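Q: Dropping in my_file_12.txt, with compact mmCIF, C-alpha atoms.
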# COMPACT_ATOMS: atom_id res chain seq x y z
CA MET C 143 72.80 127.14 87.40
CA MET C 144 69.23 127.97 88.29
CA THR C 145 66.93 124.99 88.78
CA PHE C 146 63.64 124.70 86.93
CA ASP C 147 61.73 125.43 90.15
CA GLU C 148 63.74 128.62 90.65
CA ALA C 149 63.19 129.63 87.02
CA TYR C 150 59.47 128.96 87.33
CA ILE C 151 59.24 131.47 90.20
CA GLU C 152 60.36 134.11 87.67
CA VAL C 153 57.87 132.81 85.09
CA GLU C 154 55.04 133.28 87.60
CA LYS C 155 55.78 137.01 87.65
CA SER C 156 54.70 137.26 84.02
CA SER C 157 51.01 136.33 83.81
CA HIS C 158 48.47 133.67 84.69
CA GLU C 159 49.43 130.02 84.29
CA THR C 160 46.89 129.27 81.56
CA ALA C 161 49.03 131.30 79.14
CA PHE C 162 51.88 128.75 79.27
CA ASN C 163 51.47 126.19 82.03
CA ARG C 164 54.03 124.59 84.30
CA GLY C 165 54.15 121.36 82.26
CA GLU C 166 54.85 123.28 79.07
CA CYS C 167 57.51 125.37 80.81
CA GLU C 168 59.23 122.27 82.13
CA ALA C 169 59.16 120.53 78.75
CA LEU C 170 60.61 123.62 77.08
CA TRP C 171 63.24 123.92 79.86
CA ASN C 172 64.30 120.31 79.28
CA LEU C 173 64.51 120.75 75.49
CA LEU C 174 66.61 123.88 75.91
CA GLY C 175 68.86 122.12 78.41
CA GLY C 176 69.69 119.53 75.76
CA LEU C 177 70.86 122.12 73.23
CA ALA C 178 74.52 122.90 72.77
CA PRO C 179 75.94 126.17 74.09
CA TYR C 180 75.65 129.05 71.59
CA SER C 181 72.55 127.53 69.96
CA LYS C 182 70.19 129.74 67.99
CA VAL C 183 66.71 130.03 69.51
CA VAL C 184 63.78 132.03 68.11
CA GLU C 185 60.40 132.64 69.69
CA ILE C 186 57.44 133.99 67.74
CA GLY C 187 54.92 135.59 70.11
CA VAL C 188 56.02 136.96 73.46
CA GLU C 189 53.02 138.75 74.99
CA PHE C 190 53.74 138.87 78.77
CA GLY C 191 56.77 136.58 78.43
CA ARG C 192 56.08 133.32 80.28
CA SER C 193 57.86 131.10 77.76
CA THR C 194 60.27 133.94 76.97
CA THR C 195 61.37 133.87 80.61
CA ILE C 196 62.19 130.16 80.45
CA ILE C 197 64.10 130.57 77.20
CA GLY C 198 65.86 133.72 78.41
CA ILE C 199 67.05 132.16 81.66
CA MET C 200 68.45 129.16 79.80
CA ALA C 201 69.93 131.48 77.15
CA ASN C 202 71.77 133.32 79.90
CA VAL C 203 73.37 130.09 81.14
CA ARG C 204 73.96 128.36 77.79
CA LEU C 205 74.90 131.53 75.89
CA PHE C 206 72.16 131.08 73.29
CA ASP C 207 71.61 133.57 70.50
CA PHE C 208 67.97 134.27 71.44
CA THR C 209 65.60 136.38 69.35
CA ALA C 210 61.99 136.99 70.45
CA VAL C 211 59.45 138.52 68.06
CA ASP C 212 56.09 140.13 68.85
CA ASN C 213 54.19 143.03 67.34
CA TRP C 214 52.37 143.62 70.65
CA SER C 215 49.27 144.68 68.76
CA GLY C 216 46.66 143.03 70.98
CA GLU C 217 44.48 144.58 73.63
CA TYR C 218 47.24 144.43 76.26
CA GLY C 219 50.12 144.92 73.83
CA GLN C 220 51.70 148.04 75.29
CA GLN C 221 51.30 146.78 78.86
CA ALA C 222 52.79 143.40 77.91
CA ARG C 223 55.75 144.96 76.13
CA GLU C 224 56.54 147.22 79.09
CA HIS C 225 56.29 144.22 81.43
CA VAL C 226 58.73 142.19 79.32
CA ASN C 227 61.19 145.09 79.12
CA ASN C 228 60.97 145.78 82.85
CA LEU C 229 61.12 142.20 84.16
CA LEU C 230 63.17 140.28 81.61
CA ILE C 231 65.55 142.90 80.29
CA THR C 232 65.97 145.40 83.15
CA GLU C 233 65.40 143.32 86.30
CA LEU C 234 66.67 139.90 85.22
CA GLY C 235 69.12 141.12 82.57
CA LEU C 236 68.27 138.27 80.20
CA PRO C 237 70.06 138.19 76.81
CA ILE C 238 67.05 138.61 74.56
CA LYS C 239 67.02 140.35 71.19
CA LEU C 240 63.46 141.72 71.23
CA LYS C 241 62.02 142.48 67.82
CA SER C 242 58.84 144.58 67.84
CA MET C 243 57.48 143.70 64.44
CA ASP C 244 55.34 141.34 62.43
CA SER C 245 56.59 137.77 62.30
CA ALA C 246 56.83 137.64 58.49
CA LEU C 247 58.97 140.79 58.37
CA ALA C 248 61.16 139.48 61.18
CA ALA C 249 61.70 136.23 59.25
CA LYS C 250 62.86 138.18 56.20
CA GLN C 251 65.28 140.19 58.35
CA TYR C 252 66.52 137.29 60.49
CA PRO C 253 70.16 136.84 59.43
CA HIS C 254 70.74 133.22 60.40
CA GLN C 255 69.99 129.79 59.06
CA GLY C 256 70.37 126.82 61.36
CA ILE C 257 67.91 127.65 64.16
CA ASP C 258 68.22 124.98 66.85
CA LEU C 259 64.83 125.61 68.48
CA LEU C 260 61.88 127.59 67.14
CA HIS C 261 58.93 128.27 69.44
CA ILE C 262 55.80 129.41 67.60
CA ASP C 263 53.29 131.09 69.92
CA GLY C 264 52.09 134.06 67.87
CA ASP C 265 48.65 134.58 66.39
CA HIS C 266 46.87 131.24 66.78
CA GLU C 267 44.55 131.61 63.78
CA TYR C 268 45.03 128.95 61.11
CA GLU C 269 46.31 131.29 58.36
CA SER C 270 48.75 132.99 60.76
CA VAL C 271 50.17 129.70 62.01
CA LYS C 272 50.59 128.56 58.40
CA ALA C 273 52.41 131.79 57.60
CA ASP C 274 54.74 131.37 60.60
CA ILE C 275 55.48 127.78 59.62
CA GLY C 276 56.21 128.83 56.04
CA ALA C 277 58.38 131.79 57.01
CA TRP C 278 60.39 130.24 59.84
CA THR C 279 60.72 126.45 59.51
CA PRO C 280 63.06 126.65 56.49
CA LYS C 281 65.51 128.41 58.82
CA VAL C 282 65.51 125.51 61.31
CA LYS C 283 68.48 123.18 60.97
CA LYS C 284 68.21 119.44 60.43
CA GLY C 285 67.60 117.90 63.87
CA GLY C 286 66.27 121.21 65.21
CA PHE C 287 63.07 121.50 67.24
CA ILE C 288 59.87 123.33 66.33
CA CYS C 289 57.49 123.87 69.25
CA PHE C 290 53.88 125.05 69.08
CA ASP C 291 51.94 126.48 72.01
CA ASP C 292 48.23 125.62 72.21
CA TYR C 293 48.74 122.53 70.05
CA GLY C 294 45.53 120.54 70.28
CA HIS C 295 43.84 123.20 72.45
CA ASP C 296 40.10 122.91 71.69
CA SER C 297 39.44 126.65 71.65
CA LEU C 298 42.33 127.30 69.22
CA PRO C 299 41.98 124.66 66.47
CA GLY C 300 44.03 126.62 63.93
CA VAL C 301 47.34 125.61 65.50
CA TYR C 302 46.66 121.87 65.30
CA ARG C 303 45.12 122.11 61.82
CA ALA C 304 48.10 124.00 60.40
CA CYS C 305 50.52 121.54 61.99
CA GLU C 306 48.62 118.55 60.66
CA GLU C 307 48.76 119.99 57.16
CA LEU C 308 52.30 121.34 57.07
CA MET C 309 54.39 119.46 59.62
CA THR C 310 54.36 116.32 57.48
CA ASP C 311 56.01 112.99 58.24
CA ASP C 312 58.45 113.30 55.34
CA LYS C 313 59.99 116.49 56.79
CA TYR C 314 59.36 116.32 60.54
CA ASP C 315 59.03 113.80 63.34
CA PHE C 316 56.37 114.45 65.95
CA GLU C 317 58.12 114.24 69.33
CA GLY C 318 55.02 114.62 71.51
CA ARG C 319 52.63 116.88 73.34
CA TYR C 320 53.62 118.19 76.76
CA GLY C 321 51.82 120.05 79.54
CA ASP C 322 48.56 119.43 77.69
CA LYS C 323 49.30 121.87 74.88
CA LEU C 324 52.93 122.14 73.78
CA GLY C 325 53.41 120.26 70.50
CA VAL C 326 57.02 119.43 69.65
CA TYR C 327 58.37 118.40 66.25
CA ARG C 328 61.91 117.68 65.10
CA LYS C 329 63.16 118.46 61.59
CA LYS C 330 64.48 115.45 59.68
Could you write out this structure as structure tokens?
A:
Amino acid sequence: MMTFDEAYIEVEKSSHETAFNRGECEALWNLLGGLAPYSKVVEIGVEFGRSTTIIGIMANVRLFDFTAVDNWSGEYGQQAREHVNNLLITELGLPIKLKSMDSALAAKQYPHQGIDLLHIDGDHEYESVKADIGAWTPKVKKGGFICFDDYGHDSLPGVYRACEELMTDDKYDFEGRYGDKLGVYRKK
């Protein structure tokens, strides 16, 4: 099996570290390593694929059912999508079901309940994060993880605000913040 350091070399081919830093990657790697083989993993927001690389490499080893969703509508959307297809799918051959669509539509079409790990890293505006939480967290199984990129990041307050409002103590346990900006919750 590939080590984290070896996996991180592949992550570095995606984009600059500020997008998803080494500490976040390692925390996500460790969470994924604790999941059972054949777990269901969903990522909302791919862009250039830093976190997608970590998940995809672990999915390849642990035989995860991995779906990644992005509408690639931003300024670098087409370039990012081509990069992900070229590096992660063609070069690395990672088992990723890429869905090029809006997160809400993808949630309606997603056929499974019982997601083991959900990584939300889509649009970081408050209303969008709320919508992702509402659309996807009901599909996470009891004991499953919900991760948020840019949690507590000063320039993106919508993520933290939505989590504080919706990831309540009666439904979720806060597991911690890793790599300065990866917030991790666990469904009760």
Q: So what do you get for atom CA of C:Ala273 versus atom CA of C:Asn227, distance-wise?
A: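 So the two atoms, atom CA of C:Ala273 and atom CA of C:Asn227, lie 26.8 Å apart.
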Q: Please provide the set of residues having any atom within 7 Å of stretch 260-267 of chain C, restricted to all atoms listed in the file, with same-chain residues fewer than 5 positions apart removed, written as a list in words.
A: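 Neighbouring residues, sequence-local ones excluded: Val183, Val184, Glu185, Ile186, Gly187, Phe287, Ile288, Cys289, Phe290, Asp291, Leu298, Gly300 and Val301 of chain C.
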Q: Taking C-alpha atoms for each residue, export the selection above as a compact mmCIF listing (two decimals), in the coordinates of the input.
A:
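Saved the output as part-v8.txt:
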# COMPACT_ATOMS: atom_id res chain seq x y z
CA VAL C 183 66.71 130.03 69.51
CA VAL C 184 63.78 132.03 68.11
CA GLU C 185 60.40 132.64 69.69
CA ILE C 186 57.44 133.99 67.74
CA GLY C 187 54.92 135.59 70.11
CA PHE C 287 63.07 121.50 67.24
CA ILE C 288 59.87 123.33 66.33
CA CYS C 289 57.49 123.87 69.25
CA PHE C 290 53.88 125.05 69.08
CA ASP C 291 51.94 126.48 72.01
CA LEU C 298 42.33 127.30 69.22
CA GLY C 300 44.03 126.62 63.93
CA VAL C 301 47.34 125.61 65.50
Q: Within 10 Å of C:Ile197, counting only C-alpha atoms, which residues show up once you throw out same-chain ones fewer than 3 positions away? Write them as a ChimeraX atom specification, please.
A: /C:149,167,170-171,173-175,183-185,191-194,200-202,206,208-210,236-238,261
Q: Atoms to include: C-alpha atoms. Write the selected residues as a tab-separated table (two decimals), keeping the file's coordinate frame.
A:
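Writing the result to part-v7.tsv gives the following:
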chain	number	residue	atom	x	y	z
C	149	ALA	CA	63.19	129.63	87.02
C	167	CYS	CA	57.51	125.37	80.81
C	170	LEU	CA	60.61	123.62	77.08
C	171	TRP	CA	63.24	123.92	79.86
C	173	LEU	CA	64.51	120.75	75.49
C	174	LEU	CA	66.61	123.88	75.91
C	175	GLY	CA	68.86	122.12	78.41
C	183	VAL	CA	66.71	130.03	69.51
C	184	VAL	CA	63.78	132.03	68.11
C	185	GLU	CA	60.40	132.64	69.69
C	191	GLY	CA	56.77	136.58	78.43
C	192	ARG	CA	56.08	133.32	80.28
C	193	SER	CA	57.86	131.10	77.76
C	194	THR	CA	60.27	133.94	76.97
C	200	MET	CA	68.45	129.16	79.80
C	201	ALA	CA	69.93	131.48	77.15
C	202	ASN	CA	71.77	133.32	79.90
C	206	PHE	CA	72.16	131.08	73.29
C	208	PHE	CA	67.97	134.27	71.44
C	209	THR	CA	65.60	136.38	69.35
C	210	ALA	CA	61.99	136.99	70.45
C	236	LEU	CA	68.27	138.27	80.20
C	237	PRO	CA	70.06	138.19	76.81
C	238	ILE	CA	67.05	138.61	74.56
C	261	HIS	CA	58.93	128.27	69.44
Q: Which residue out of C:Met144, C:Leu324, C:Val282, C:Ala169 has the minimum interatomic distance to C:Ala249 when all atoms listed in the file are used?
A: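 Closest candidate: C:Val282.
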Q: Enter the distance from atom CA of C:Phe190 to atom CA of C:Lys281, in Å, rounded to one decimal.
A: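 Those two atoms sit 25.4 Å apart.
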Q: Calculated over all atoms listed in the file, which of the candidates C:Glu217, C:Glu307, C:Glu233, C:Glu166 has the smallest distance to C:Val326?
A: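 Answer, going by the shortest atom-to-atom distance: C:Glu166.
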Q: Could you tell me how far atom CA of C:Tyr150 sits from atom CA of C:Lys329, in Å to one decimal place?
A: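 One can read the atom CA of C:Lys329 to atom CA of C:Tyr150 distance as 28.0 Å.
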Q: For C:Gly256, which of C:Tyr180, C:Arg319, C:Gly276, C:Asp292 is the closest residue, counting all atoms listed in the file?
A: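 Of C:Tyr180, C:Arg319, C:Gly276, C:Asp292, the one nearest C:Gly256, counting all atoms listed in the file, is C:Tyr180.
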Q: Just the residues within 10 Å of stretch 221-224 of chain C, please, counting only C-alpha atoms, with nothing from its chain fewer than 2 positions along; format it as a list in words.
A: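 Non-adjacent residues within range: Ser156, Ser157, Val188, Glu189, Phe190, Gly191, Asp212, Asn213, Trp214, Ser215, Gly216, Glu217, Tyr218, Gly219, Val226, Asn227, Asn228, Leu229, Leu230, Leu240 and Ser242 of chain C.
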Q: Counting only C-alpha atoms, figure out which residue out of C:Lys323, C:Lys313, C:Lys272, C:Lys330 gets nearest to C:Tyr293.
A: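 The closest residue to C:Tyr293 is C:Lys323.
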Q: Because some atoms of stretch 163-174 of chain C are absent here, can you restore all heavy atoms and send them as a PDB file, in the coordinates of the input?
A:
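Final output, out.pdb:
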ATOM      1  N   ASN C 163      51.539 126.838  80.712  1.00  0.00           N
ATOM      2  CA  ASN C 163      51.470 126.190  82.030  1.00  0.00           C
ATOM      3  C   ASN C 163      52.795 125.561  82.465  1.00  0.00           C
ATOM      4  O   ASN C 163      53.754 125.488  81.711  1.00  0.00           O
ATOM      5  CB  ASN C 163      50.316 125.187  82.073  1.00  0.00           C
ATOM      6  CG  ASN C 163      50.535 123.972  81.192  1.00  0.00           C
ATOM      7  OD1 ASN C 163      51.617 123.417  81.102  1.00  0.00           O
ATOM      8  ND2 ASN C 163      49.464 123.546  80.543  1.00  0.00           N
ATOM      9  N   ARG C 164      52.823 125.130  83.701  1.00  0.00           N
ATOM     10  CA  ARG C 164      54.030 124.590  84.300  1.00  0.00           C
ATOM     11  C   ARG C 164      54.583 123.396  83.500  1.00  0.00           C
ATOM     12  O   ARG C 164      55.791 123.289  83.281  1.00  0.00           O
ATOM     13  CB  ARG C 164      53.768 124.175  85.754  1.00  0.00           C
ATOM     14  CG  ARG C 164      55.017 123.699  86.456  1.00  0.00           C
ATOM     15  CD  ARG C 164      54.740 123.312  87.926  1.00  0.00           C
ATOM     16  NE  ARG C 164      55.924 122.796  88.538  1.00  0.00           N
ATOM     17  CZ  ARG C 164      56.846 123.528  89.176  1.00  0.00           C
ATOM     18  NH1 ARG C 164      56.670 124.822  89.323  1.00  0.00           N
ATOM     19  NH2 ARG C 164      57.929 122.972  89.685  1.00  0.00           N
ATOM     20  N   GLY C 165      53.707 122.507  83.047  1.00  0.00           N
ATOM     21  CA  GLY C 165      54.150 121.360  82.260  1.00  0.00           C
ATOM     22  C   GLY C 165      54.811 121.771  80.959  1.00  0.00           C
ATOM     23  O   GLY C 165      55.830 121.196  80.547  1.00  0.00           O
ATOM     24  N   GLU C 166      54.245 122.769  80.300  1.00  0.00           N
ATOM     25  CA  GLU C 166      54.850 123.280  79.070  1.00  0.00           C
ATOM     26  C   GLU C 166      56.197 123.920  79.365  1.00  0.00           C
ATOM     27  O   GLU C 166      57.166 123.711  78.640  1.00  0.00           O
ATOM     28  CB  GLU C 166      53.938 124.342  78.438  1.00  0.00           C
ATOM     29  CG  GLU C 166      52.677 123.796  77.838  1.00  0.00           C
ATOM     30  CD  GLU C 166      51.795 124.914  77.355  1.00  0.00           C
ATOM     31  OE1 GLU C 166      51.167 125.586  78.188  1.00  0.00           O
ATOM     32  OE2 GLU C 166      51.756 125.130  76.122  1.00  0.00           O
ATOM     33  N   CYS C 167      56.243 124.722  80.424  1.00  0.00           N
ATOM     34  CA  CYS C 167      57.510 125.370  80.810  1.00  0.00           C
ATOM     35  C   CYS C 167      58.595 124.341  81.081  1.00  0.00           C
ATOM     36  O   CYS C 167      59.729 124.487  80.619  1.00  0.00           O
ATOM     37  CB  CYS C 167      57.305 126.241  82.049  1.00  0.00           C
ATOM     38  SG  CYS C 167      56.437 127.782  81.735  1.00  0.00           S
ATOM     39  N   GLU C 168      58.239 123.291  81.798  1.00  0.00           N
ATOM     40  CA  GLU C 168      59.230 122.270  82.130  1.00  0.00           C
ATOM     41  C   GLU C 168      59.702 121.515  80.893  1.00  0.00           C
ATOM     42  O   GLU C 168      60.892 121.226  80.731  1.00  0.00           O
ATOM     43  CB  GLU C 168      58.700 121.314  83.183  1.00  0.00           C
ATOM     44  CG  GLU C 168      59.757 120.417  83.760  1.00  0.00           C
ATOM     45  CD  GLU C 168      59.349 119.751  85.053  1.00  0.00           C
ATOM     46  OE1 GLU C 168      58.147 119.708  85.381  1.00  0.00           O
ATOM     47  OE2 GLU C 168      60.261 119.262  85.742  1.00  0.00           O
ATOM     48  N   ALA C 169      58.773 121.207  79.996  1.00  0.00           N
ATOM     49  CA  ALA C 169      59.160 120.530  78.750  1.00  0.00           C
ATOM     50  C   ALA C 169      60.089 121.404  77.916  1.00  0.00           C
ATOM     51  O   ALA C 169      61.105 120.928  77.397  1.00  0.00           O
ATOM     52  CB  ALA C 169      57.908 120.165  77.946  1.00  0.00           C
ATOM     53  N   LEU C 170      59.763 122.695  77.824  1.00  0.00           N
ATOM     54  CA  LEU C 170      60.610 123.620  77.080  1.00  0.00           C
ATOM     55  C   LEU C 170      61.977 123.747  77.757  1.00  0.00           C
ATOM     56  O   LEU C 170      63.016 123.731  77.089  1.00  0.00           O
ATOM     57  CB  LEU C 170      59.927 124.979  76.950  1.00  0.00           C
ATOM     58  CG  LEU C 170      60.607 126.019  76.086  1.00  0.00           C
ATOM     59  CD1 LEU C 170      60.848 125.509  74.662  1.00  0.00           C
ATOM     60  CD2 LEU C 170      59.775 127.297  76.057  1.00  0.00           C
ATOM     61  N   TRP C 171      61.996 123.849  79.074  1.00  0.00           N
ATOM     62  CA  TRP C 171      63.240 123.920  79.860  1.00  0.00           C
ATOM     63  C   TRP C 171      64.141 122.714  79.548  1.00  0.00           C
ATOM     64  O   TRP C 171      65.335 122.855  79.307  1.00  0.00           O
ATOM     65  CB  TRP C 171      62.888 123.979  81.331  1.00  0.00           C
ATOM     66  CG  TRP C 171      64.030 123.987  82.287  1.00  0.00           C
ATOM     67  CD1 TRP C 171      64.581 122.911  82.921  1.00  0.00           C
ATOM     68  CD2 TRP C 171      64.758 125.124  82.761  1.00  0.00           C
ATOM     69  NE1 TRP C 171      65.601 123.308  83.757  1.00  0.00           N
ATOM     70  CE2 TRP C 171      65.735 124.665  83.674  1.00  0.00           C
ATOM     71  CE3 TRP C 171      64.681 126.486  82.511  1.00  0.00           C
ATOM     72  CZ2 TRP C 171      66.623 125.511  84.330  1.00  0.00           C
ATOM     73  CZ3 TRP C 171      65.569 127.335  83.159  1.00  0.00           C
ATOM     74  CH2 TRP C 171      66.517 126.849  84.056  1.00  0.00           C
ATOM     75  N   ASN C 172      63.535 121.532  79.529  1.00  0.00           N
ATOM     76  CA  ASN C 172      64.300 120.310  79.280  1.00  0.00           C
ATOM     77  C   ASN C 172      64.838 120.261  77.847  1.00  0.00           C
ATOM     78  O   ASN C 172      65.982 119.837  77.625  1.00  0.00           O
ATOM     79  CB  ASN C 172      63.470 119.076  79.600  1.00  0.00           C
ATOM     80  CG  ASN C 172      63.216 118.939  81.085  1.00  0.00           C
ATOM     81  OD1 ASN C 172      63.980 119.416  81.919  1.00  0.00           O
ATOM     82  ND2 ASN C 172      62.110 118.300  81.431  1.00  0.00           N
ATOM     83  N   LEU C 173      64.028 120.689  76.883  1.00  0.00           N
ATOM     84  CA  LEU C 173      64.510 120.750  75.490  1.00  0.00           C
ATOM     85  C   LEU C 173      65.689 121.705  75.376  1.00  0.00           C
ATOM     86  O   LEU C 173      66.708 121.385  74.762  1.00  0.00           O
ATOM     87  CB  LEU C 173      63.396 121.225  74.558  1.00  0.00           C
ATOM     88  CG  LEU C 173      62.381 120.215  74.079  1.00  0.00           C
ATOM     89  CD1 LEU C 173      61.289 120.912  73.290  1.00  0.00           C
ATOM     90  CD2 LEU C 173      63.037 119.139  73.241  1.00  0.00           C
ATOM     91  N   LEU C 174      65.546 122.868  75.965  1.00  0.00           N
ATOM     92  CA  LEU C 174      66.610 123.880  75.910  1.00  0.00           C
ATOM     93  C   LEU C 174      67.877 123.375  76.596  1.00  0.00           C
ATOM     94  O   LEU C 174      68.985 123.624  76.121  1.00  0.00           O
ATOM     95  CB  LEU C 174      66.142 125.174  76.564  1.00  0.00           C
ATOM     96  CG  LEU C 174      65.032 125.923  75.834  1.00  0.00           C
ATOM     97  CD1 LEU C 174      64.366 126.918  76.769  1.00  0.00           C
ATOM     98  CD2 LEU C 174      65.561 126.594  74.588  1.00  0.00           C
TER      99      LEU C 174
END
